[in-house]
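> Right, I'll just put the structure down here and ask away after.
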Amino acid sequence: MKLYNSLTRTKDEFIPHEPGKVSMYTCGPTVYHFAHIGNLRTYIMEDVLEKYLRYTGLAVKRVMNITDVGHLSSDADTGEDKMLKGAKREKKTVMEIAKFYTDAFFADCKKLNIKLPDVIEPATGCIDEFIKVIENLIEKEYAYEAGGNIYFDTSKLKQYYLFNNFEEEDLQDGVREGVEKDGNKRNKADFVLWFTKSKFDDQELKWDSPWGIGYPGWHIECSCISMKHLGEYLDIHCGGIDNAFPHHTNEIAQSEAYVGHKWCNYWFHVLHLNTNDGKMSKSKGEFLTVSLLEKKGYNPLVYRFFCLQSHYRKSLVFTYENLDNAVIAWEKLLAKIAKLDKNGEVDTARFEELKRDFVEAMDNDLNTSLGVTAVYNVLKADTNDATKLALIADFDRVLSLNLIEEAEKLNSAEEPAENDEFATRIEELIAQRAAAKKEKNFAEADRIRDELKAQGIILEDTADGTKWKRA
Ligand code: AMP
Ligand code: ZN
């Protein structure tokens, strides 16, 4: 399999460090808020990568952290801690916030058929490991104490800027968003490993350390959690493209300083999902979550399908129009699958031939768009239905779109499709509104109309009763 590697900036043949086994690390969510569908694009594509590696017969061990401490408002170690900000916003404790949004993240993953990694470790569970690694870095003079904090000294490295797109000039104070002058730093690119002093509100969570009571920096957690579970050699490290710098650059710096050799061979970065007006945000504009899509009547798997239709190395624009186009394609695809006859025998020779299309697509830097096309090609192929169904089930081990189950729902009268449930809910509200109007409770009738409007549903009162449509 060929994978684009941000480190070499080429598509490289993927060769694991230990034959037959893959160690894979994923930067987990910062659990201060719900994940937006942009974050989830990254997790969907990483899930496809993991599942495809398994599909080819490799034994994958995948580890993910949960960032519940240390991620400041800017990735460059300045600003307020995101978790503390979330706790203040909701008037809860940091641990309550962490628990709530970790569970919400898992629930989103379930809806999107994202398999959870084999190991999931919250940063707050690994404080001893962080301290051990930081002590070692100080001993080797890769790290220093200044103004109460421990910093990594980037000048000790032969090469710091490994992903090339960034250079020292980018770090000039005030030029890059969120970078403020920190007089303690020996070099502009140096970053914090352990904080005991912050000019922002005090952390709720603090631990004793050889350098005083404090808390870890964000970058150290991923290095330590990865090494704790996957050892000194990592095959693939994943994340969204924004993580390449400074987060992943700093992870490489400190991990390689610690282990004394190359740490990770392949860096897999997913490009962003953007809105029409730019960056996806949790605070500005519509906060796009999986639950919001569900409320608007979309099956979460359609969002997964939408993501798979484009390559992970291209940025993707989210609009409801684009998603509606995915719905149309999805429904047509399911309708075709629903017509296939389960009876009959699988033609194994044709199965192997037709499978090649899919494997070729996915072997070529995880081309999921062509992977989905392979499903259409199977439907058009000259073979019996049983073989087609077997191939679709086989590809779906990786695509995870529940294609056969979803198609069966179309055929089954007892089990209403997701969209039918949605329609039933709307019809119920329309009936309640009609009853309210009859009782001259116009305030209640208006409230119901507004509630539906907030879900993107417009009502039209006609001579034949009230009709609804999507806004
Ligand atoms: P965070 O919870 O902020 O630590 O981010 C979780 C993951 O989502 C990281 O891998 C980020 O790189 C990724 N990410 C953030 N924004 C986007 C976006 N708009 N599109 C795709 N991935 C994103
Ligand atoms: Zn990370």
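In the structure tokens, chains take letters A, B, ... by order of appearance, with residues numbered from 1 within each chain and ligands from 1 in the order shown.
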Can you list, as a list of chain:residue names, every protein, DNA or RNA residue that comes within 12 Å of Leu340 (chain A) when you count only C-alpha atoms, leaving out same-chain residues fewer than 6 positions away?

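So the residues in contact are A:Leu333, A:Leu334, A:Val378, A:Leu379, A:Lys380, A:Thr383, A:Asn384, A:Asp385, A:Ala386, A:Thr387, A:Lys388, A:Leu389, A:Ala390, A:Ile392, A:Ile404, A:Ala407, A:Glu408, A:Asn411.
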
> Neighbours of ligand 1 at 7 Å or closer, counting only C-alpha atoms and all ligand atoms: which residues, as a ChimeraX atom specification?

/A:27-31,35,38-42,239-243,270-274,279-280

> Can you write just those residues out, C-alpha atoms, as an mmCIF file, in the first residue's frame?


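Final output, saved to out_1.cif:
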data_model
loop_
_atom_site.group_PDB
_atom_site.id
_atom_site.type_symbol
_atom_site.label_atom_id
_atom_site.label_comp_id
_atom_site.auth_asym_id
_atom_site.auth_seq_id
_atom_site.Cartn_x
_atom_site.Cartn_y
_atom_site.Cartn_z
ATOM 1 C CA CYS A 27 -4.385 12.536 18.525
ATOM 2 C CA GLY A 28 -7.633 12.351 20.450
ATOM 3 C CA PRO A 29 -10.173 15.079 21.090
ATOM 4 C CA THR A 30 -9.814 17.945 23.520
ATOM 5 C CA VAL A 31 -12.933 17.256 25.548
ATOM 6 C CA ALA A 35 -16.742 17.511 18.392
ATOM 7 C CA GLY A 38 -14.797 18.725 10.853
ATOM 8 C CA ASN A 39 -13.089 16.968 13.771
ATOM 9 C CA LEU A 40 -15.140 13.915 12.891
ATOM 10 C CA ARG A 41 -14.003 13.994 9.263
ATOM 11 C CA THR A 42 -10.491 13.381 10.587
ATOM 12 C CA GLY A 239 -4.204 13.805 13.021
ATOM 13 C CA GLY A 240 -5.808 16.723 11.266
ATOM 14 C CA ILE A 241 -3.482 18.904 9.205
ATOM 15 C CA ASP A 242 -3.566 21.712 11.788
ATOM 16 C CA ASN A 243 -1.772 19.342 14.166
ATOM 17 C CA VAL A 270 -6.309 14.759 7.059
ATOM 18 C CA LEU A 271 -7.154 18.058 5.377
ATOM 19 C CA HIS A 272 -9.851 20.206 6.877
ATOM 20 C CA LEU A 273 -13.564 20.323 6.415
ATOM 21 C CA ASN A 274 -14.473 23.969 5.948
ATOM 22 C CA LYS A 279 -12.865 27.634 9.049
ATOM 23 C CA MET A 280 -15.232 25.411 10.987
#

> Give the helix (DSSP H, G or I) residues of region 61-302 of chain A, as DSSP finds them on the backbone, and put them as an MDAnalysis selection string.

chainID A and resid 82:90 94:111 123:125 127:139 154:156 168:171 218:230 241:259 290:295 300:302

> Give me the residues within 12 Å of Tyr43 (chain A) as JSON, numbers by chain, counting only C-alpha atoms and dropping any in the same chain fewer than 6 places off.

{"A": [25, 26, 27, 28, 29, 35, 36, 37, 49, 50, 64, 105, 106, 108, 109, 110, 112, 113, 114, 115, 116, 117, 238, 239, 240, 268, 269, 270, 271, 272, 273, 304, 307, 308, 312]}

> Fewer than 5 positions away in the same chain doesn't count, so skip those; otherwise give me all residues within 12 Å of region 136-148 of chain A, counting only C-alpha atoms, as a PyMOL selection string.

chain A and resi 129-131+153-157+182-187+190-199+209-215+220+253-260

> Restricting the output to N, CA and C atoms, write the selected residues as a compact mmCIF listing (two decimals), in the first residue's frame.


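Everything below was put into selection19.txt:
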# COMPACT_ATOMS: atom_id res chain seq x y z
N GLU A 129 4.20 9.31 33.96
CA GLU A 129 4.98 9.10 32.72
C GLU A 129 5.52 10.42 32.18
N PHE A 130 4.68 11.46 32.21
CA PHE A 130 5.14 12.76 31.68
C PHE A 130 6.35 13.24 32.49
N ILE A 131 6.22 13.11 33.81
CA ILE A 131 7.30 13.59 34.68
C ILE A 131 8.60 12.82 34.40
N ASP A 153 14.25 22.75 24.56
CA ASP A 153 15.21 23.63 23.88
C ASP A 153 15.36 23.16 22.42
N THR A 154 14.67 23.85 21.50
CA THR A 154 14.68 23.39 20.11
C THR A 154 16.03 23.62 19.42
N SER A 155 16.88 24.47 20.02
CA SER A 155 18.19 24.72 19.38
C SER A 155 19.11 23.50 19.52
N LYS A 156 18.74 22.55 20.37
CA LYS A 156 19.57 21.35 20.56
C LYS A 156 19.37 20.33 19.43
N LEU A 157 18.40 20.60 18.55
CA LEU A 157 18.10 19.61 17.50
C LEU A 157 18.82 19.98 16.20
N ASP A 182 6.99 35.18 25.12
CA ASP A 182 7.24 34.52 26.40
C ASP A 182 8.73 34.71 26.67
N GLY A 183 9.03 35.64 27.59
CA GLY A 183 10.41 36.02 27.88
C GLY A 183 11.26 34.89 28.44
N ASN A 184 10.61 33.83 28.88
CA ASN A 184 11.38 32.71 29.45
C ASN A 184 12.07 31.87 28.38
N LYS A 185 11.56 31.94 27.18
CA LYS A 185 12.06 31.03 26.13
C LYS A 185 13.44 31.44 25.65
N ARG A 186 14.33 30.45 25.50
CA ARG A 186 15.65 30.74 24.93
C ARG A 186 15.55 30.93 23.42
N ASN A 187 14.65 30.18 22.81
CA ASN A 187 14.44 30.28 21.35
C ASN A 187 12.95 30.39 21.10
N ASP A 190 10.86 27.23 21.13
CA ASP A 190 10.81 26.39 22.34
C ASP A 190 9.37 26.28 22.84
N PHE A 191 9.07 25.16 23.47
CA PHE A 191 7.69 24.96 23.92
C PHE A 191 7.67 24.37 25.33
N VAL A 192 6.52 24.51 25.98
CA VAL A 192 6.43 24.14 27.39
C VAL A 192 6.16 22.64 27.56
N LEU A 193 6.92 22.03 28.45
CA LEU A 193 6.69 20.63 28.81
C LEU A 193 5.89 20.54 30.11
N TRP A 194 6.16 21.48 31.00
CA TRP A 194 5.48 21.48 32.31
C TRP A 194 5.29 22.93 32.76
N PHE A 195 4.06 23.25 33.13
CA PHE A 195 3.76 24.61 33.61
C PHE A 195 3.65 24.62 35.13
N THR A 196 4.29 25.58 35.77
CA THR A 196 3.88 25.86 37.15
C THR A 196 3.39 27.30 37.25
N LYS A 197 3.70 28.08 36.22
CA LYS A 197 3.27 29.48 36.24
C LYS A 197 2.48 29.79 34.98
N SER A 198 1.34 30.45 35.17
CA SER A 198 0.60 30.90 34.01
C SER A 198 0.01 32.24 34.38
N LYS A 199 -0.02 33.14 33.40
CA LYS A 199 -0.61 34.44 33.73
C LYS A 199 -2.14 34.37 33.66
N SER A 209 5.29 17.90 41.27
CA SER A 209 6.35 17.47 40.35
C SER A 209 7.68 17.93 40.93
N PRO A 210 8.79 17.45 40.39
CA PRO A 210 10.09 17.91 40.91
C PRO A 210 10.28 19.42 40.72
N TRP A 211 9.44 20.05 39.88
CA TRP A 211 9.62 21.49 39.60
C TRP A 211 8.53 22.34 40.23
N GLY A 212 7.76 21.72 41.10
CA GLY A 212 6.68 22.44 41.78
C GLY A 212 5.33 21.95 41.30
N ILE A 213 4.29 22.44 41.96
CA ILE A 213 2.93 21.99 41.62
C ILE A 213 2.53 22.62 40.28
N GLY A 214 2.06 21.79 39.38
CA GLY A 214 1.72 22.33 38.06
C GLY A 214 1.00 21.31 37.20
N TYR A 215 1.11 21.51 35.88
CA TYR A 215 0.40 20.62 34.95
C TYR A 215 1.19 20.51 33.65
N ILE A 220 3.50 16.97 25.18
CA ILE A 220 4.18 15.85 25.86
C ILE A 220 3.22 14.67 26.05
N ALA A 253 10.18 16.23 18.18
CA ALA A 253 11.36 16.79 18.86
C ALA A 253 11.58 16.08 20.19
N GLN A 254 10.56 16.04 21.02
CA GLN A 254 10.76 15.51 22.37
C GLN A 254 10.87 13.98 22.37
N SER A 255 10.11 13.29 21.50
CA SER A 255 10.18 11.83 21.48
C SER A 255 11.54 11.35 21.01
N GLU A 256 12.06 11.98 19.94
CA GLU A 256 13.35 11.53 19.42
C GLU A 256 14.48 11.90 20.36
N ALA A 257 14.34 13.03 21.04
CA ALA A 257 15.36 13.40 22.04
C ALA A 257 15.35 12.36 23.16
N TYR A 258 14.17 11.85 23.47
CA TYR A 258 14.04 10.88 24.56
C TYR A 258 14.55 9.50 24.15
N VAL A 259 14.10 9.00 22.98
CA VAL A 259 14.49 7.62 22.61
C VAL A 259 15.86 7.55 21.94
N GLY A 260 16.31 8.67 21.40
CA GLY A 260 17.65 8.70 20.79
C GLY A 260 17.71 8.12 19.39

> Go through A:Ile458, A:Val63, A:Leu53, A:Ala445 and flag the residue nearest ligand 2, using only C-alpha atoms and all ligand atoms for the distances.

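For ligand 2, the nearest of the candidates is A:Val63.
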
> Give the answer as one residue: which of A:Glu13, A:Asp47, A:Asp450, A:Asp357 has the shortest atom-to-atom distance to Thr373 (chain A), using only C-alpha atoms?

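Using only C-alpha atoms, the shortest distance to Thr373 (chain A) belongs to A:Asp357.
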
> Hey, which of A:Lys99, A:His237, A:Arg62, A:Lys206 ends up closest to ligand 2? Count only C-alpha atoms and all ligand atoms.

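Under the stated criterion, the closest residue is A:His237.
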
> What does the distance from CA of Gly231 (chain A) to CA of Asn149 (chain A) come to in Å, to one decimal?

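Computing it gives 27.4 Å between the two atoms.
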
> A:Phe422, A:Trp267, A:Phe305, A:Tyr160: which is nearest ligand 2, counting only C-alpha atoms and all ligand atoms?

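Checking each of A:Phe422, A:Trp267, A:Phe305, A:Tyr160 against ligand 2, counting only C-alpha atoms and all ligand atoms, the winner is A:Trp267.
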
> Using backbone DSSP assignments, extract all strand (DSSP E or B) residues from region 68-306 of chain A; output them as a PyMOL selection string.

chain A and resi 72+81+119-122+143-146+149-152+191-195+207+214-216+234-240+264-270+273-275+278

> Using N, CA and C atoms, can you write the selected residues to a file as a compact mmCIF listing (two decimals), in the first residue's frame?


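Produced file result25.txt, reproduced below:
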# COMPACT_ATOMS: atom_id res chain seq x y z
N LEU A 72 -3.91 24.60 25.57
CA LEU A 72 -4.27 26.01 25.75
C LEU A 72 -5.00 26.54 24.52
N ASP A 81 -6.36 27.61 29.42
CA ASP A 81 -6.56 26.18 29.19
C ASP A 81 -7.98 25.95 28.66
N VAL A 119 -6.68 1.22 22.57
CA VAL A 119 -6.36 1.83 23.87
C VAL A 119 -6.75 3.30 23.82
N ILE A 120 -7.47 3.74 24.84
CA ILE A 120 -7.81 5.16 24.94
C ILE A 120 -7.36 5.63 26.32
N GLU A 121 -6.52 6.62 26.32
CA GLU A 121 -5.90 7.01 27.60
C GLU A 121 -6.06 8.51 27.82
N PRO A 122 -6.72 8.91 28.91
CA PRO A 122 -6.79 10.34 29.20
C PRO A 122 -5.45 10.86 29.72
N ALA A 143 16.02 19.99 27.81
CA ALA A 143 14.98 20.81 28.41
C ALA A 143 15.59 21.66 29.52
N TYR A 144 14.96 22.80 29.80
CA TYR A 144 15.49 23.70 30.83
C TYR A 144 14.33 24.33 31.60
N GLU A 145 14.69 24.81 32.78
CA GLU A 145 13.69 25.46 33.63
C GLU A 145 13.85 26.97 33.48
N ALA A 146 12.76 27.68 33.33
CA ALA A 146 12.82 29.14 33.27
C ALA A 146 11.50 29.71 33.76
N ASN A 149 8.55 27.37 34.62
CA ASN A 149 8.10 26.37 33.65
C ASN A 149 9.29 25.57 33.11
N ILE A 150 8.98 24.40 32.56
CA ILE A 150 10.03 23.60 31.90
C ILE A 150 9.80 23.70 30.39
N TYR A 151 10.85 24.08 29.67
CA TYR A 151 10.76 24.26 28.21
C TYR A 151 11.64 23.25 27.49
N PHE A 152 11.22 22.90 26.28
CA PHE A 152 12.08 22.08 25.41
C PHE A 152 12.96 23.05 24.62
N PHE A 191 9.07 25.16 23.47
CA PHE A 191 7.69 24.96 23.92
C PHE A 191 7.67 24.37 25.33
N VAL A 192 6.52 24.51 25.98
CA VAL A 192 6.43 24.14 27.39
C VAL A 192 6.16 22.64 27.56
N LEU A 193 6.92 22.03 28.45
CA LEU A 193 6.69 20.63 28.81
C LEU A 193 5.89 20.54 30.11
N TRP A 194 6.16 21.48 31.00
CA TRP A 194 5.48 21.48 32.31
C TRP A 194 5.29 22.93 32.76
N PHE A 195 4.06 23.25 33.13
CA PHE A 195 3.76 24.61 33.61
C PHE A 195 3.65 24.62 35.13
N TRP A 207 -0.70 18.87 39.74
CA TRP A 207 0.00 17.72 40.33
C TRP A 207 1.37 18.16 40.85
N GLY A 214 2.06 21.79 39.38
CA GLY A 214 1.72 22.33 38.06
C GLY A 214 1.00 21.31 37.20
N TYR A 215 1.11 21.51 35.88
CA TYR A 215 0.40 20.62 34.95
C TYR A 215 1.19 20.51 33.65
N PRO A 216 0.95 19.42 32.91
CA PRO A 216 1.77 19.18 31.71
C PRO A 216 1.35 20.04 30.53
N LEU A 234 7.15 3.86 16.29
CA LEU A 234 5.75 4.04 15.91
C LEU A 234 5.67 3.99 14.38
N ASP A 235 4.69 3.23 13.87
CA ASP A 235 4.56 3.16 12.41
C ASP A 235 3.83 4.37 11.84
N ILE A 236 2.61 4.62 12.35
CA ILE A 236 1.80 5.71 11.77
C ILE A 236 1.27 6.62 12.87
N HIS A 237 1.45 7.89 12.66
CA HIS A 237 0.85 8.88 13.57
C HIS A 237 -0.16 9.68 12.74
N CYS A 238 -1.38 9.82 13.28
CA CYS A 238 -2.43 10.52 12.52
C CYS A 238 -2.93 11.77 13.24
N GLY A 239 -3.56 12.61 12.46
CA GLY A 239 -4.20 13.81 13.02
C GLY A 239 -4.69 14.69 11.90
N GLY A 240 -5.41 15.73 12.26
CA GLY A 240 -5.81 16.72 11.27
C GLY A 240 -4.59 17.56 10.89
N CYS A 264 8.87 7.93 14.56
CA CYS A 264 7.70 7.55 13.76
C CYS A 264 7.99 7.68 12.27
N ASN A 265 7.63 6.64 11.51
CA ASN A 265 7.98 6.64 10.08
C ASN A 265 6.97 7.30 9.17
N TYR A 266 5.68 7.20 9.49
CA TYR A 266 4.66 7.72 8.56
C TYR A 266 3.74 8.70 9.29
N TRP A 267 3.53 9.83 8.68
CA TRP A 267 2.64 10.86 9.25
C TRP A 267 1.47 11.07 8.32
N PHE A 268 0.28 10.75 8.82
CA PHE A 268 -0.95 10.77 8.03
C PHE A 268 -1.78 11.97 8.50
N HIS A 269 -1.95 12.94 7.61
CA HIS A 269 -2.69 14.15 7.99
C HIS A 269 -3.93 14.34 7.12
N VAL A 270 -5.05 14.58 7.77
CA VAL A 270 -6.31 14.76 7.06
C VAL A 270 -6.55 16.27 6.88
N LEU A 273 -12.21 20.06 6.90
CA LEU A 273 -13.56 20.32 6.41
C LEU A 273 -13.82 21.79 6.75
N ASN A 274 -14.21 22.54 5.74
CA ASN A 274 -14.47 23.97 5.95
C ASN A 274 -15.92 24.28 5.61
N THR A 275 -16.34 25.46 6.06
CA THR A 275 -17.67 25.93 5.63
C THR A 275 -17.45 26.89 4.47
N GLY A 278 -15.30 29.70 5.41
CA GLY A 278 -13.96 29.42 5.93
C GLY A 278 -13.92 28.34 6.98

> Could you give me, as number ranges by chain, the residues within 12 Å of region 429-438 of chain A, counting only C-alpha atoms and dropping anything in the same chain fewer than 5 positions from it?

A: 422-424, 443-453, 457-461, 465-468

> Restrict the selected residues to N, CA, C and O atoms and save them as a short mmCIF file (atom, residue, chain, number, x, y, z; two decimals), in the first residue's frame.


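Writing done, so here's again03.cif:
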data_model
loop_
_atom_site.label_atom_id
_atom_site.label_comp_id
_atom_site.auth_asym_id
_atom_site.auth_seq_id
_atom_site.Cartn_x
_atom_site.Cartn_y
_atom_site.Cartn_z
N PHE A 422 -38.18 10.40 11.33
CA PHE A 422 -38.09 11.85 11.34
C PHE A 422 -39.41 12.46 10.87
O PHE A 422 -39.98 13.35 11.51
N ALA A 423 -39.93 11.90 9.77
CA ALA A 423 -41.20 12.42 9.22
C ALA A 423 -42.33 12.24 10.23
O ALA A 423 -43.16 13.13 10.41
N THR A 424 -42.33 11.08 10.91
CA THR A 424 -43.39 10.83 11.90
C THR A 424 -43.35 11.88 13.00
O THR A 424 -44.38 12.39 13.43
N ALA A 443 -50.12 31.10 20.70
CA ALA A 443 -48.73 31.18 21.19
C ALA A 443 -48.08 29.80 21.07
O ALA A 443 -46.95 29.66 20.58
N GLU A 444 -48.82 28.76 21.46
CA GLU A 444 -48.29 27.40 21.39
C GLU A 444 -48.09 26.98 19.92
O GLU A 444 -47.07 26.37 19.56
N ALA A 445 -49.07 27.35 19.09
CA ALA A 445 -48.96 27.02 17.66
C ALA A 445 -47.71 27.67 17.07
O ALA A 445 -46.95 27.02 16.32
N ASP A 446 -47.46 28.92 17.43
CA ASP A 446 -46.28 29.62 16.93
C ASP A 446 -45.00 28.99 17.47
O ASP A 446 -43.99 28.89 16.78
N ARG A 447 -45.07 28.58 18.74
CA ARG A 447 -43.88 27.97 19.35
C ARG A 447 -43.49 26.69 18.58
O ARG A 447 -42.33 26.45 18.28
N ILE A 448 -44.51 25.90 18.22
CA ILE A 448 -44.23 24.66 17.49
C ILE A 448 -43.64 24.98 16.10
O ILE A 448 -42.68 24.37 15.66
N ARG A 449 -44.22 26.00 15.46
CA ARG A 449 -43.71 26.40 14.14
C ARG A 449 -42.22 26.80 14.28
O ARG A 449 -41.39 26.41 13.47
N ASP A 450 -41.91 27.58 15.34
CA ASP A 450 -40.53 28.04 15.54
C ASP A 450 -39.59 26.88 15.86
O ASP A 450 -38.45 26.84 15.41
N GLU A 451 -40.12 25.94 16.65
CA GLU A 451 -39.29 24.78 17.00
C GLU A 451 -38.90 24.02 15.73
O GLU A 451 -37.75 23.62 15.54
N LEU A 452 -39.87 23.85 14.84
CA LEU A 452 -39.58 23.15 13.59
C LEU A 452 -38.64 23.97 12.71
O LEU A 452 -37.74 23.43 12.06
N LYS A 453 -38.85 25.27 12.73
CA LYS A 453 -37.99 26.15 11.91
C LYS A 453 -36.53 26.02 12.36
O LYS A 453 -35.62 25.97 11.53
N ILE A 457 -37.12 23.10 9.28
CA ILE A 457 -38.37 22.66 8.65
C ILE A 457 -39.33 23.84 8.51
O ILE A 457 -39.62 24.54 9.48
N ILE A 458 -39.80 24.03 7.30
CA ILE A 458 -40.73 25.14 7.03
C ILE A 458 -42.13 24.55 6.85
O ILE A 458 -42.30 23.56 6.13
N LEU A 459 -43.11 25.18 7.49
CA LEU A 459 -44.49 24.70 7.35
C LEU A 459 -45.25 25.59 6.35
O LEU A 459 -45.05 26.80 6.30
N GLU A 460 -46.13 24.96 5.60
CA GLU A 460 -47.00 25.70 4.67
C GLU A 460 -48.43 25.27 4.92
O GLU A 460 -48.75 24.07 4.80
N ASP A 461 -49.29 26.22 5.30
CA ASP A 461 -50.69 25.87 5.54
C ASP A 461 -51.43 25.95 4.20
O ASP A 461 -51.49 27.01 3.58
N GLY A 465 -54.45 21.00 4.23
CA GLY A 465 -53.78 20.80 5.53
C GLY A 465 -52.37 21.37 5.48
O GLY A 465 -51.96 21.98 4.48
N THR A 466 -51.64 21.13 6.58
CA THR A 466 -50.29 21.70 6.68
C THR A 466 -49.28 20.77 6.03
O THR A 466 -49.26 19.56 6.30
N LYS A 467 -48.45 21.36 5.13
CA LYS A 467 -47.39 20.58 4.49
C LYS A 467 -46.05 21.07 5.04
O LYS A 467 -45.96 22.19 5.53
N TRP A 468 -45.03 20.21 4.98
CA TRP A 468 -43.70 20.67 5.44
C TRP A 468 -42.64 20.40 4.39
O TRP A 468 -42.78 19.52 3.55
#

> Kindly give the distance, in Å, that separates CA of Gln309 (chain A) and CA of Tyr376 (chain A), rounded to a single decimal.

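Going from CA of Gln309 (chain A) over to CA of Tyr376 (chain A), I get 12.3 Å.
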
> From the set A:Ala123, A:Val398, A:Leu301, A:Leu366, which residue has the shortest atom-to-atom contact distance to ligand 2, counting only C-alpha atoms and all ligand atoms?

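Of all the options, A:Ala123 lies closest to ligand 2.
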
> Between CA of Trp218 (chain A) and CA of Gly70 (chain A), measure the distance and give it in Å to one decimal.

4.7 Å
